[in-house]
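Okay, protein_28.cif is below, mmCIF, C-alpha atoms and all ligand atoms:
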```cif
data_work
loop_
_atom_site.label_atom_id
_atom_site.label_comp_id
_atom_site.auth_asym_id
_atom_site.auth_seq_id
_atom_site.Cartn_x
_atom_site.Cartn_y
_atom_site.Cartn_z
CA MET A 236 116.12 108.96 60.89
CA SER A 237 117.67 107.17 57.97
CA ARG A 238 119.03 103.92 59.38
CA VAL A 239 120.18 102.04 62.46
CA LEU A 240 123.68 101.27 63.65
CA ARG A 241 124.06 97.57 63.06
CA ASP A 242 127.14 95.46 63.77
CA SER A 243 128.33 92.46 61.81
CA TYR A 244 126.58 90.10 64.28
CA GLY A 245 123.22 91.78 63.67
CA ARG A 246 122.97 93.69 66.94
CA VAL A 247 121.62 97.23 66.79
CA ALA A 248 123.39 99.87 68.89
CA ASP A 249 120.76 102.24 70.24
CA ASP A 250 122.03 102.90 73.76
CA LEU A 251 124.81 105.48 73.94
CA ARG A 252 126.85 106.12 77.09
CA ILE A 253 128.70 109.40 77.08
CA SER A 254 131.51 110.00 79.53
CA VAL A 255 131.69 113.72 80.24
CA THR A 256 134.84 113.60 82.36
CA ASP A 257 137.48 111.17 83.56
CA ARG A 258 137.75 113.03 86.89
CA CYS A 259 136.10 111.94 90.08
CA ASN A 260 135.70 113.08 93.67
CA PHE A 261 135.66 109.45 94.96
CA ARG A 262 138.29 106.74 94.72
CA CYS A 263 136.21 103.55 94.85
CA ILE A 264 138.39 100.52 95.44
CA TYR A 265 136.86 98.63 92.50
CA CYS A 266 137.43 101.52 90.10
CA MET A 267 140.28 103.94 90.85
CA PRO A 268 143.57 103.89 92.72
CA ALA A 269 143.69 105.82 96.02
CA GLU A 270 145.90 108.48 94.50
CA GLY A 271 143.65 108.91 91.46
CA LEU A 272 144.79 108.69 87.87
CA ARG A 273 146.45 111.14 85.53
CA TRP A 274 143.54 113.33 84.44
CA LEU A 275 143.10 114.30 80.83
CA ALA A 276 144.05 117.87 79.97
CA ARG A 277 141.04 120.20 79.63
CA ASP A 278 141.64 120.69 75.92
CA ASP A 279 141.65 116.97 75.33
CA ILE A 280 138.11 116.59 76.62
CA LEU A 281 135.19 117.11 74.27
CA SER A 282 133.40 120.43 74.72
CA PHE A 283 129.63 120.48 75.26
CA GLU A 284 129.23 121.60 71.63
CA GLU A 285 131.27 118.64 70.40
CA ILE A 286 129.33 116.17 72.55
CA HIS A 287 126.08 117.73 71.37
CA ARG A 288 127.08 117.39 67.74
CA LEU A 289 127.89 113.71 68.11
CA ALA A 290 124.71 113.12 70.12
CA ARG A 291 122.74 114.77 67.32
CA ILE A 292 124.24 112.39 64.75
CA PHE A 293 123.50 109.34 66.92
CA VAL A 294 119.95 110.45 67.67
CA GLN A 295 118.86 111.94 64.36
CA ARG A 296 120.67 109.64 61.93
CA TYR A 297 120.61 106.39 63.80
CA GLY A 298 117.63 106.54 66.10
CA VAL A 299 119.55 106.21 69.35
CA ARG A 300 116.86 106.46 72.06
CA THR A 301 118.83 106.29 75.28
CA ILE A 302 121.68 108.53 76.31
CA ARG A 303 123.34 107.98 79.64
CA LEU A 304 125.81 110.53 80.95
CA THR A 305 128.58 109.07 83.03
CA GLY A 306 132.28 109.45 83.83
CA GLY A 307 134.37 109.68 86.05
CA GLU A 308 131.82 111.58 88.10
CA PRO A 309 129.55 113.50 85.71
CA LEU A 310 128.49 116.01 88.36
CA VAL A 311 132.03 117.36 88.73
CA ARG A 312 131.84 118.66 85.17
CA VAL A 313 130.98 122.34 85.54
CA ARG A 314 127.39 123.26 84.49
CA ILE A 315 126.62 119.72 83.38
CA GLU A 316 122.93 120.65 83.41
CA GLU A 317 123.58 122.82 80.35
CA LEU A 318 124.71 119.77 78.39
CA VAL A 319 121.59 117.90 79.54
CA ALA A 320 119.45 120.77 78.23
CA MET A 321 121.31 120.81 74.90
CA ILE A 322 120.77 117.09 74.39
CA HIS A 323 117.17 117.32 75.57
CA ARG A 324 116.44 119.92 72.91
CA LEU A 325 117.45 117.39 70.24
CA ASP A 326 114.35 115.39 71.09
CA PRO A 327 112.26 115.91 74.23
CA ASP A 328 111.30 112.21 74.26
CA LEU A 329 114.90 111.06 74.46
CA ASP A 330 115.60 108.96 77.53
CA ILE A 331 118.44 110.94 79.11
CA THR A 332 119.77 109.47 82.32
CA MET A 333 122.89 109.81 84.45
CA THR A 334 125.04 107.47 86.48
CA THR A 335 126.48 109.31 89.47
CA ASN A 336 127.98 108.68 92.88
CA GLY A 337 125.27 111.02 94.17
CA VAL A 338 127.39 113.18 96.44
CA LEU A 339 126.59 116.40 94.54
CA LEU A 340 122.92 115.62 93.86
CA ARG A 341 121.61 117.89 96.61
CA GLN A 342 123.05 120.85 94.65
CA LYS A 343 122.19 119.54 91.20
CA ALA A 344 119.08 117.35 91.20
CA ARG A 345 116.51 120.06 90.56
CA LEU A 346 118.61 121.78 87.89
CA LEU A 347 119.08 118.45 86.12
CA LYS A 348 115.40 117.66 86.22
CA GLU A 349 114.52 121.08 84.82
CA ALA A 350 117.08 120.58 82.07
CA GLY A 351 115.37 117.37 80.93
CA LEU A 352 117.15 114.57 82.77
CA LYS A 353 114.71 111.70 83.26
CA ARG A 354 116.32 109.53 85.93
CA VAL A 355 119.52 108.80 87.83
CA ASN A 356 121.41 105.66 88.72
CA VAL A 357 123.21 106.28 91.99
CA SER A 358 126.12 104.08 92.97
CA LEU A 359 125.78 102.89 96.55
CA ASP A 360 127.76 99.90 97.76
CA THR A 361 127.05 99.85 101.48
CA LEU A 362 124.61 101.14 104.08
CA HIS A 363 127.33 101.46 106.73
CA LEU A 364 129.14 104.73 107.26
CA ASP A 365 132.54 103.21 108.09
CA ARG A 366 132.41 100.78 105.25
CA PHE A 367 131.46 103.56 102.86
CA ARG A 368 134.67 105.33 103.83
CA ASP A 369 136.67 102.19 103.14
CA ILE A 370 135.08 101.53 99.74
CA ALA A 371 134.76 105.05 98.30
CA ARG A 372 137.82 106.25 100.22
CA ARG A 373 135.81 109.37 101.04
CA ASP A 374 133.82 110.28 104.12
CA ALA A 375 130.68 111.02 102.17
CA PHE A 376 128.01 108.54 103.26
CA ALA A 377 125.60 111.12 104.69
CA ARG A 378 125.92 113.43 101.70
CA THR A 379 125.39 110.57 99.27
CA MET A 380 122.26 109.41 101.09
CA ASP A 381 121.01 112.98 101.15
CA GLY A 382 121.73 113.24 97.43
CA ILE A 383 119.49 110.24 96.83
CA GLU A 384 116.72 111.99 98.76
CA ALA A 385 117.25 115.14 96.71
CA ALA A 386 116.89 113.16 93.48
CA ALA A 387 113.63 111.64 94.71
CA GLU A 388 112.33 115.06 95.77
CA ALA A 389 113.19 116.48 92.35
CA GLY A 390 111.22 113.71 90.62
CA LEU A 391 114.22 111.94 89.09
CA TRP A 392 112.31 108.73 89.51
CA PRO A 393 112.45 105.73 89.64
CA ILE A 394 115.89 105.80 91.23
CA LYS A 395 118.20 102.92 90.50
CA LEU A 396 120.88 102.09 93.02
CA ASN A 397 123.97 100.37 91.62
CA MET A 398 125.78 98.12 94.07
CA VAL A 399 129.06 96.52 93.01
CA VAL A 400 129.18 93.36 95.09
CA MET A 401 132.62 92.17 96.22
CA LYS A 402 133.21 89.02 98.19
CA GLY A 403 134.24 89.75 101.78
CA VAL A 404 133.73 93.48 101.29
CA ASN A 405 129.98 94.10 101.11
CA ASP A 406 128.32 90.83 100.09
CA ASP A 407 126.77 90.51 103.56
CA GLU A 408 124.54 93.48 102.74
CA VAL A 409 122.64 92.25 99.71
CA VAL A 410 119.50 91.36 101.68
CA ASP A 411 119.62 94.77 103.40
CA PHE A 412 119.67 96.38 99.95
CA ALA A 413 116.68 94.29 98.88
CA ARG A 414 114.87 95.46 102.02
CA LEU A 415 115.75 99.06 101.20
CA ALA A 416 114.36 98.58 97.68
CA ARG A 417 111.06 97.37 99.15
CA GLU A 418 110.82 100.07 101.76
CA ARG A 419 111.64 102.97 99.47
CA GLY A 420 110.59 101.80 96.03
CA PHE A 421 114.14 101.84 94.66
CA GLU A 422 115.35 99.59 91.87
CA VAL A 423 118.52 98.00 93.24
CA ARG A 424 120.91 96.58 90.68
CA PHE A 425 123.60 94.20 91.82
CA ILE A 426 126.65 94.41 89.58
CA GLU A 427 129.34 91.76 89.39
CA PHE A 428 132.85 93.11 89.98
CA MET A 429 134.59 93.39 86.59
CA PRO A 430 138.30 93.42 85.79
CA LEU A 431 138.38 97.16 85.11
CA ASP A 432 139.69 98.46 88.43
CA GLY A 433 142.58 100.89 88.51
CA ASP A 434 144.42 98.99 91.25
CA HIS A 435 144.35 95.67 89.37
CA ILE A 436 143.08 93.81 92.42
CA TRP A 437 140.35 92.02 90.44
CA SER A 438 140.31 88.27 90.66
CA ASN A 439 137.50 85.84 90.08
CA ASP A 440 137.59 85.04 93.81
CA LEU A 441 136.26 88.52 94.54
CA VAL A 442 133.26 88.12 92.24
CA VAL A 443 129.95 87.12 93.79
CA PRO A 444 127.89 85.47 91.04
CA SER A 445 124.41 86.96 90.65
CA ARG A 446 122.73 83.62 91.26
CA ARG A 447 124.25 83.48 94.75
CA ILE A 448 122.93 86.96 95.51
CA GLN A 449 119.54 86.00 94.18
CA GLU A 450 119.44 82.90 96.38
CA GLN A 451 120.18 84.96 99.48
CA ILE A 452 117.47 87.47 98.63
CA GLU A 453 114.89 84.86 97.72
CA ASP A 454 115.38 83.16 101.10
CA GLN A 455 113.63 86.20 102.53
CA PHE A 456 111.87 87.90 99.66
CA PRO A 457 110.73 85.69 96.78
CA LEU A 458 111.13 87.33 93.38
CA VAL A 459 109.23 87.19 90.11
CA PRO A 460 110.97 87.89 86.77
CA VAL A 461 110.00 91.03 84.91
CA PRO A 462 110.05 90.40 81.15
CA SER A 463 112.33 92.96 79.51
CA ARG A 464 110.92 95.20 76.80
CA ARG A 465 114.33 95.84 75.23
CA PRO A 466 117.57 93.94 75.24
CA GLY A 467 119.73 95.08 78.11
CA PRO A 468 122.33 93.85 80.53
CA SER A 469 120.09 93.84 83.57
CA VAL A 470 117.85 90.87 84.37
CA ASN A 471 115.04 92.32 86.43
CA TYR A 472 112.69 91.05 89.14
CA ARG A 473 109.88 92.41 91.26
CA PHE A 474 108.87 91.20 94.69
CA ALA A 475 106.39 88.30 94.63
CA ASP A 476 104.39 89.78 97.51
CA GLY A 477 103.72 92.96 95.55
CA ALA A 478 106.05 95.22 97.56
CA SER A 479 107.30 98.29 95.71
CA GLY A 480 110.75 98.57 94.19
CA GLY A 481 112.65 95.99 92.25
CA ILE A 482 115.86 94.06 91.87
CA GLY A 483 118.18 93.70 88.89
CA PHE A 484 121.30 91.68 88.25
CA ILE A 485 124.12 92.67 85.93
CA SER A 486 126.07 89.48 85.51
CA SER A 487 128.86 90.63 83.22
CA VAL A 488 131.25 87.99 84.54
CA SER A 489 129.14 84.92 85.30
CA GLN A 490 126.58 85.24 82.48
CA ALA A 491 127.83 87.66 79.86
CA PHE A 492 125.06 89.36 77.89
CA CYS A 493 127.19 90.15 74.83
CA THR A 494 124.85 88.46 72.34
CA THR A 495 122.18 91.10 72.98
CA CYS A 496 124.45 94.04 73.81
CA ASN A 497 123.03 97.26 72.34
CA ARG A 498 125.53 99.64 73.93
CA ILE A 499 128.20 101.90 72.58
CA ARG A 500 130.35 104.35 74.46
CA LEU A 501 131.94 107.69 73.91
CA THR A 502 134.88 108.46 76.18
CA ALA A 503 135.55 111.91 77.60
CA GLU A 504 138.23 112.51 74.96
CA GLY A 505 135.93 111.45 72.15
CA GLY A 506 136.88 107.81 71.61
CA LEU A 507 134.09 105.56 70.36
CA ARG A 508 134.13 102.18 72.13
CA THR A 509 131.92 99.30 71.16
CA CYS A 510 132.56 97.29 74.33
CA LEU A 511 133.70 98.05 77.87
CA PHE A 512 136.49 95.58 77.19
CA SER A 513 137.42 96.86 73.72
CA LEU A 514 141.13 96.84 73.06
CA ARG A 515 140.72 99.46 70.35
CA GLU A 516 138.93 102.76 70.29
CA THR A 517 137.90 104.90 67.32
CA PRO A 518 139.04 108.46 67.96
CA LEU A 519 136.48 111.03 66.84
CA ARG A 520 137.83 114.17 68.49
CA ASP A 521 140.50 115.07 65.95
CA LEU A 522 138.07 114.40 63.14
CA LEU A 523 135.53 116.69 64.81
CA ARG A 524 138.15 119.40 65.16
CA SER A 525 139.47 119.05 61.62
CA GLY A 526 136.30 120.30 59.98
CA ALA A 527 134.84 116.90 59.13
CA SER A 528 131.27 116.92 57.88
CA ASP A 529 128.47 114.95 59.55
CA ASP A 530 128.72 112.47 56.66
CA ASP A 531 132.45 111.99 57.31
CA LEU A 532 131.78 111.37 60.99
CA ALA A 533 128.88 109.06 60.24
CA ARG A 534 131.03 106.90 57.96
CA VAL A 535 133.62 106.42 60.71
CA ILE A 536 130.93 105.69 63.32
CA GLU A 537 129.18 103.12 61.12
CA ARG A 538 132.44 101.34 60.37
CA ALA A 539 133.40 101.24 64.07
CA VAL A 540 130.03 99.81 65.10
CA TRP A 541 130.11 97.28 62.27
CA LEU A 542 133.39 95.98 63.75
CA LYS A 543 131.95 95.62 67.28
CA GLU A 544 133.51 92.58 68.90
CA GLU A 545 131.41 89.45 69.33
CA GLY A 546 131.89 89.52 73.08
CA HIS A 547 134.39 89.78 75.88
CA LEU A 548 136.43 86.84 77.09
CA ILE A 549 136.54 87.34 80.87
CA ASN A 550 137.47 84.04 82.49
CA GLN A 551 138.37 82.53 79.14
CA GLU A 552 141.71 81.90 77.58
CA GLY A 553 142.89 84.90 75.63
CA PHE A 554 141.23 87.56 77.82
CA VAL A 555 143.25 90.76 77.77
CA ARG A 556 142.29 93.65 80.04
CA PRO A 557 141.93 97.00 78.30
CA ALA A 558 144.60 99.52 79.25
CA LYS A 559 141.95 101.94 80.51
CA SER A 560 140.09 101.39 83.74
CA MET A 561 136.38 101.97 84.37
CA SER A 562 136.50 105.69 85.17
CA GLN A 563 138.57 106.36 82.04
CA ILE A 564 136.12 104.50 79.84
CA GLY A 565 132.82 105.57 81.35
CA GLY A 566 130.88 102.83 83.04
N1 LIG B 601 131.00 108.06 89.08
C1 LIG B 601 129.73 107.57 88.69
C2 LIG B 601 129.27 106.45 89.58
O1 LIG B 601 130.08 105.90 90.30
O2 LIG B 601 128.09 106.14 89.54
C3 LIG B 601 129.69 107.13 87.24
C4 LIG B 601 130.87 106.41 86.70
S1 LIG B 601 131.15 104.80 87.36
C5 LIG B 601 132.62 104.32 86.52
C6 LIG B 601 129.84 103.89 86.59
C7 LIG B 601 129.43 102.60 87.24
O3 LIG B 601 130.49 101.68 87.10
C8 LIG B 601 129.15 102.71 88.73
O4 LIG B 601 127.88 102.16 89.02
C9 LIG B 601 130.23 101.88 89.36
O5 LIG B 601 129.80 101.26 90.52
C10 LIG B 601 130.54 100.89 88.26
N2 LIG B 601 131.87 100.29 88.34
C11 LIG B 601 133.05 100.92 88.47
N3 LIG B 601 134.08 100.04 88.48
C12 LIG B 601 133.53 98.82 88.36
C13 LIG B 601 134.05 97.49 88.30
N4 LIG B 601 135.36 97.26 88.37
N5 LIG B 601 133.18 96.47 88.16
C14 LIG B 601 131.84 96.69 88.07
N6 LIG B 601 131.29 97.92 88.11
C15 LIG B 601 132.12 98.97 88.26
FE1 LIG B 602 134.38 107.64 90.87
FE2 LIG B 602 132.28 106.28 90.01
FE3 LIG B 602 134.74 105.24 89.83
FE4 LIG B 602 133.64 105.49 92.22
S1 LIG B 602 132.90 104.21 90.52
S2 LIG B 602 135.75 106.10 91.65
S3 LIG B 602 132.46 107.32 91.99
S4 LIG B 602 134.01 107.00 88.73
#
```

Re-express the file's structure as structure tokens.
Amino acid sequence: MSRVLRDSYGRVADDLRISVTDRCNFRCIYCMPAEGLRWLARDDILSFEEIHRLARIFVQRYGVRTIRLTGGEPLVRVRIEELVAMIHRLDPDLDITMTTNGVLLRQKARLLKEAGLKRVNVSLDTLHLDRFRDIARRDAFARTMDGIEAAAEAGLWPIKLNMVVMKGVNDDEVVDFARLARERGFEVRFIEFMPLDGDHIWSNDLVVPSRRIQEQIEDQFPLVPVPSRRPGPSVNYRFADGASGGIGFISSVSQAFCTTCNRIRLTAEGGLRTCLFSLRETPLRDLLRSGASDDDLARVIERAVWLKEEGHLINQEGFVRPAKSMSQIGG
């Protein structure tokens, strides 16, 4: 490794999120419209070889240690386990994880584990079958829960459960999720609803601030902070009584973590984004396909990261939503 990817505010980008597809088999109300979005054409999406080449540059030149595969739904990309294996071969110690809705995990968990995936984050917003149908707009509660079991059986552990909390939709379930964390040893992460939904229904009134969620949980289950080893968006807690599992809060709206943000993102069509809320993207695909050398690509990547924005402006004057929604960026 020769250097790190530093931005002009001194932050080091060492956590890369790679979106492998913009397509999805769910239509979560906080993410995608019911009718879906216009999918990218197959040829516009990076091939596994192209993703692997970029991953190699990030890992070997810049010491990126964490690669998270996401989407859209990463498990709808055919033979995704082959990409996991390709990235794993770059460095067996690399922390390769995946964020998934879990519905295809029963078919894929063991293959992913064998390919070198370390862990999964599974999105789960409710423990009620009917409500699941309303939120994901798919009748897939049982299969998702079974997918979580399959991941645990395959040793993709610890499992993180991502819950997007929306006022009046599922905020009455946060204590139930804390109980589930304790009973099963899951790490539950409560995520504030962000203005990146395809239906443009976001409003601050629908956001449940993390501190409110924490108060509700601590009424029943007191929490103790877990000091974080690396900068990251999640503020983590364990249960004071020593129960297994844990709780995390991702407070993108109420307490933005931009000053320590170490993330960068690659979209399915090869755009490098330095923030979820970036209004610009650095396209790498055409460069990749035009015969650019690794040095050429590296120069463009370094410049893009150097220009990473100071932070997003949600709830402040001047905030402009990006044109892309969450599934098109890669959450
Ligand atoms: N399809 C996979 C899944 O749902 O886990 C991966 C992609 S999804 C876009 C990544 C994460 O973004 C999920 O945990 C999802 O809950 C979260 N997410 C999507 N839209 C969001 C929003 N508007 N605000 C906050 N989180 C959101
Ligand atoms: Fe699909 Fe994930 Fe978006 Fe839900 S959050 S619609 S599962 S990409």

Between A:Phe421, A:Tyr297, A:Tyr265, A:Trp541, which is the closest to A:Val404 once you count all atoms listed in the file?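 Selected residue with least distance to A:Val404: A:Tyr265.
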
Report as an mmCIF file with C-alpha atoms, in the coordinates of the input which protein, DNA and RNA residues come within 9 Å of ligand LIG 602 (chain B), using only C-alpha atoms and all ligand atoms.
```cif
data_model
loop_
_atom_site.group_PDB
_atom_site.id
_atom_site.type_symbol
_atom_site.label_atom_id
_atom_site.label_comp_id
_atom_site.auth_asym_id
_atom_site.auth_seq_id
_atom_site.Cartn_x
_atom_site.Cartn_y
_atom_site.Cartn_z
ATOM 1 C CA ASP A 257 137.480 111.170 83.560
ATOM 2 C CA ARG A 258 137.750 113.030 86.890
ATOM 3 C CA CYS A 259 136.100 111.940 90.080
ATOM 4 C CA ASN A 260 135.700 113.080 93.670
ATOM 5 C CA PHE A 261 135.660 109.450 94.960
ATOM 6 C CA ARG A 262 138.290 106.740 94.720
ATOM 7 C CA CYS A 263 136.210 103.550 94.850
ATOM 8 C CA ILE A 264 138.390 100.520 95.440
ATOM 9 C CA TYR A 265 136.860 98.630 92.500
ATOM 10 C CA CYS A 266 137.430 101.520 90.100
ATOM 11 C CA MET A 267 140.280 103.940 90.850
ATOM 12 C CA PRO A 268 143.570 103.890 92.720
ATOM 13 C CA GLY A 271 143.650 108.910 91.460
ATOM 14 C CA THR A 305 128.580 109.070 83.030
ATOM 15 C CA GLY A 306 132.280 109.450 83.830
ATOM 16 C CA GLY A 307 134.370 109.680 86.050
ATOM 17 C CA GLU A 308 131.820 111.580 88.100
ATOM 18 C CA PRO A 309 129.550 113.500 85.710
ATOM 19 C CA THR A 334 125.040 107.470 86.480
ATOM 20 C CA THR A 335 126.480 109.310 89.470
ATOM 21 C CA ASN A 336 127.980 108.680 92.880
ATOM 22 C CA GLY A 337 125.270 111.020 94.170
ATOM 23 C CA VAL A 338 127.390 113.180 96.440
ATOM 24 C CA SER A 358 126.120 104.080 92.970
ATOM 25 C CA ILE A 370 135.080 101.530 99.740
ATOM 26 C CA ALA A 371 134.760 105.050 98.300
ATOM 27 C CA ARG A 372 137.820 106.250 100.220
ATOM 28 C CA VAL A 399 129.060 96.520 93.010
ATOM 29 C CA ASP A 432 139.690 98.460 88.430
ATOM 30 C CA SER A 560 140.090 101.390 83.740
ATOM 31 C CA MET A 561 136.380 101.970 84.370
ATOM 32 C CA SER A 562 136.500 105.690 85.170
ATOM 33 C CA GLN A 563 138.570 106.360 82.040
ATOM 34 C CA GLY A 565 132.820 105.570 81.350
ATOM 35 C CA GLY A 566 130.880 102.830 83.040
#
```

Which neighbours of A:Asn550 fall inside 9 Å, counting only C-alpha atoms, when residues of the same chain fewer than 3 positions from it are skipped, and could you give them as a PyMOL selection string? chain A and resi 439+488-489+553-554

As a PyMOL selection string, please: the residues near A:Leu415 (cut-off 10 Å, all atoms listed in the file, same-chain neighbours under 5 positions excluded). chain A and resi 362+409-410+420-423+480-481

Long-range neighbours of A:Gly298 as a list in words, 8 Å cut-off, all atoms listed in the file, 5 positions minimum in chain: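 Final neighbour list, sorted by chain and number: Met236, Arg238, Val239, Asp249 and Phe293 of chain A.
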
Please return, as a list of chain:residue names, all polymer residues that have at least one atom within 10 Å of the point (120.5, 98.5, 68.8); use only C-alpha atoms and the file's own coordinate frame.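 Residues lying no farther than 10 Å from the given point: A:Val239, A:Leu240, A:Arg241, A:Asp242, A:Gly245, A:Arg246, A:Val247, A:Ala248, A:Asp249, A:Asp250, A:Leu251, A:Tyr297, A:Gly298, A:Val299, A:Arg300, A:Arg465, A:Pro466, A:Gly467, A:Thr495, A:Cys496, A:Asn497, A:Arg498, A:Ile499.
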
Atom-to-atom span, atom N3 of ligand LIG 601 (chain B) and atom CA of A:Met429, Å: 6.9 Å

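Of the residues under consideration (A:Gly403, A:Pro327, A:Gly505, A:Gly433), A:Gly433 shows the shortest atom-to-atom contact distance to ligand LIG 601 (chain B) when counting all atoms listed in the file.
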
What's the separation between atom CA of A:Arg414 and atom CA of A:Pro457, in Å to one decimal place? 11.8 Å

Draw an axis-aligned box tight on the listed atoms of ligand LIG 601 (chain B), then pad every side by 6 Å and write out centre and edge lengths in Å to one decimal as JSON.
```
{"center_x": 131.6, "center_y": 102.3, "center_z": 88.5, "size_x": 19.5, "size_y": 23.6, "size_z": 16.0}
```

For stretch 435-442 of chain A, which lacks atoms in the input, supply all heavy atoms and format the output as an mmCIF file, in the coordinates of the input.
```cif
data_model
loop_
_atom_site.group_PDB
_atom_site.id
_atom_site.type_symbol
_atom_site.label_atom_id
_atom_site.label_comp_id
_atom_site.auth_asym_id
_atom_site.auth_seq_id
_atom_site.Cartn_x
_atom_site.Cartn_y
_atom_site.Cartn_z
ATOM 1 N N HIS A 435 144.100 97.040 89.843
ATOM 2 C CA HIS A 435 144.350 95.670 89.370
ATOM 3 C C HIS A 435 144.260 94.640 90.498
ATOM 4 O O HIS A 435 145.091 93.742 90.597
ATOM 5 C CB HIS A 435 145.707 95.576 88.654
ATOM 6 C CG HIS A 435 145.725 96.336 87.362
ATOM 7 N ND1 HIS A 435 145.889 95.748 86.128
ATOM 8 C CD2 HIS A 435 145.570 97.652 87.104
ATOM 9 C CE1 HIS A 435 145.827 96.673 85.181
ATOM 10 N NE2 HIS A 435 145.639 97.833 85.758
ATOM 11 N N ILE A 436 143.260 94.812 91.355
ATOM 12 C CA ILE A 436 143.080 93.810 92.420
ATOM 13 C C ILE A 436 142.065 92.747 91.997
ATOM 14 O O ILE A 436 141.851 91.782 92.707
ATOM 15 C CB ILE A 436 142.578 94.441 93.748
ATOM 16 C CG1 ILE A 436 141.257 95.191 93.533
ATOM 17 C CG2 ILE A 436 143.631 95.313 94.379
ATOM 18 C CD1 ILE A 436 140.504 95.485 94.826
ATOM 19 N N TRP A 437 141.405 92.959 90.830
ATOM 20 C CA TRP A 437 140.350 92.020 90.440
ATOM 21 C C TRP A 437 140.873 90.596 90.379
ATOM 22 O O TRP A 437 141.957 90.337 89.846
ATOM 23 C CB TRP A 437 139.786 92.396 89.058
ATOM 24 C CG TRP A 437 138.609 91.521 88.666
ATOM 25 C CD1 TRP A 437 137.309 91.767 88.935
ATOM 26 C CD2 TRP A 437 138.646 90.264 87.964
ATOM 27 N NE1 TRP A 437 136.511 90.739 88.441
ATOM 28 C CE2 TRP A 437 137.307 89.804 87.846
ATOM 29 C CE3 TRP A 437 139.663 89.477 87.431
ATOM 30 C CZ2 TRP A 437 136.963 88.612 87.209
ATOM 31 C CZ3 TRP A 437 139.324 88.284 86.801
ATOM 32 C CH2 TRP A 437 137.979 87.858 86.695
ATOM 33 N N SER A 438 140.095 89.692 90.942
ATOM 34 C CA SER A 438 140.310 88.270 90.660
ATOM 35 C C SER A 438 138.934 87.634 90.748
ATOM 36 O O SER A 438 138.027 88.175 91.389
ATOM 37 C CB SER A 438 141.270 87.624 91.664
ATOM 38 O OG SER A 438 140.543 87.198 92.789
ATOM 39 N N ASN A 439 138.798 86.509 90.108
ATOM 40 C CA ASN A 439 137.500 85.840 90.080
ATOM 41 C C ASN A 439 137.018 85.523 91.501
ATOM 42 O O ASN A 439 135.826 85.429 91.744
ATOM 43 C CB ASN A 439 137.617 84.579 89.231
ATOM 44 C CG ASN A 439 136.290 84.254 88.580
ATOM 45 O OD1 ASN A 439 135.442 85.129 88.423
ATOM 46 N ND2 ASN A 439 136.090 83.006 88.253
ATOM 47 N N ASP A 440 137.971 85.361 92.427
ATOM 48 C CA ASP A 440 137.590 85.040 93.810
ATOM 49 C C ASP A 440 136.813 86.182 94.468
ATOM 50 O O ASP A 440 136.132 85.972 95.476
ATOM 51 C CB ASP A 440 138.839 84.772 94.670
ATOM 52 C CG ASP A 440 139.585 83.565 94.169
ATOM 53 O OD1 ASP A 440 138.988 82.754 93.437
ATOM 54 O OD2 ASP A 440 140.789 83.451 94.490
ATOM 55 N N LEU A 441 136.955 87.379 93.945
ATOM 56 C CA LEU A 441 136.260 88.520 94.540
ATOM 57 C C LEU A 441 134.870 88.740 93.937
ATOM 58 O O LEU A 441 134.123 89.612 94.371
ATOM 59 C CB LEU A 441 137.084 89.807 94.359
ATOM 60 C CG LEU A 441 138.342 89.918 95.199
ATOM 61 C CD1 LEU A 441 139.189 91.121 94.758
ATOM 62 C CD2 LEU A 441 137.988 90.056 96.682
ATOM 63 N N VAL A 442 134.548 87.949 92.915
ATOM 64 C CA VAL A 442 133.260 88.120 92.240
ATOM 65 C C VAL A 442 132.203 87.274 92.958
ATOM 66 O O VAL A 442 132.433 86.105 93.259
ATOM 67 C CB VAL A 442 133.351 87.651 90.761
ATOM 68 C CG1 VAL A 442 131.999 87.773 90.064
ATOM 69 C CG2 VAL A 442 134.417 88.456 90.022
#
```
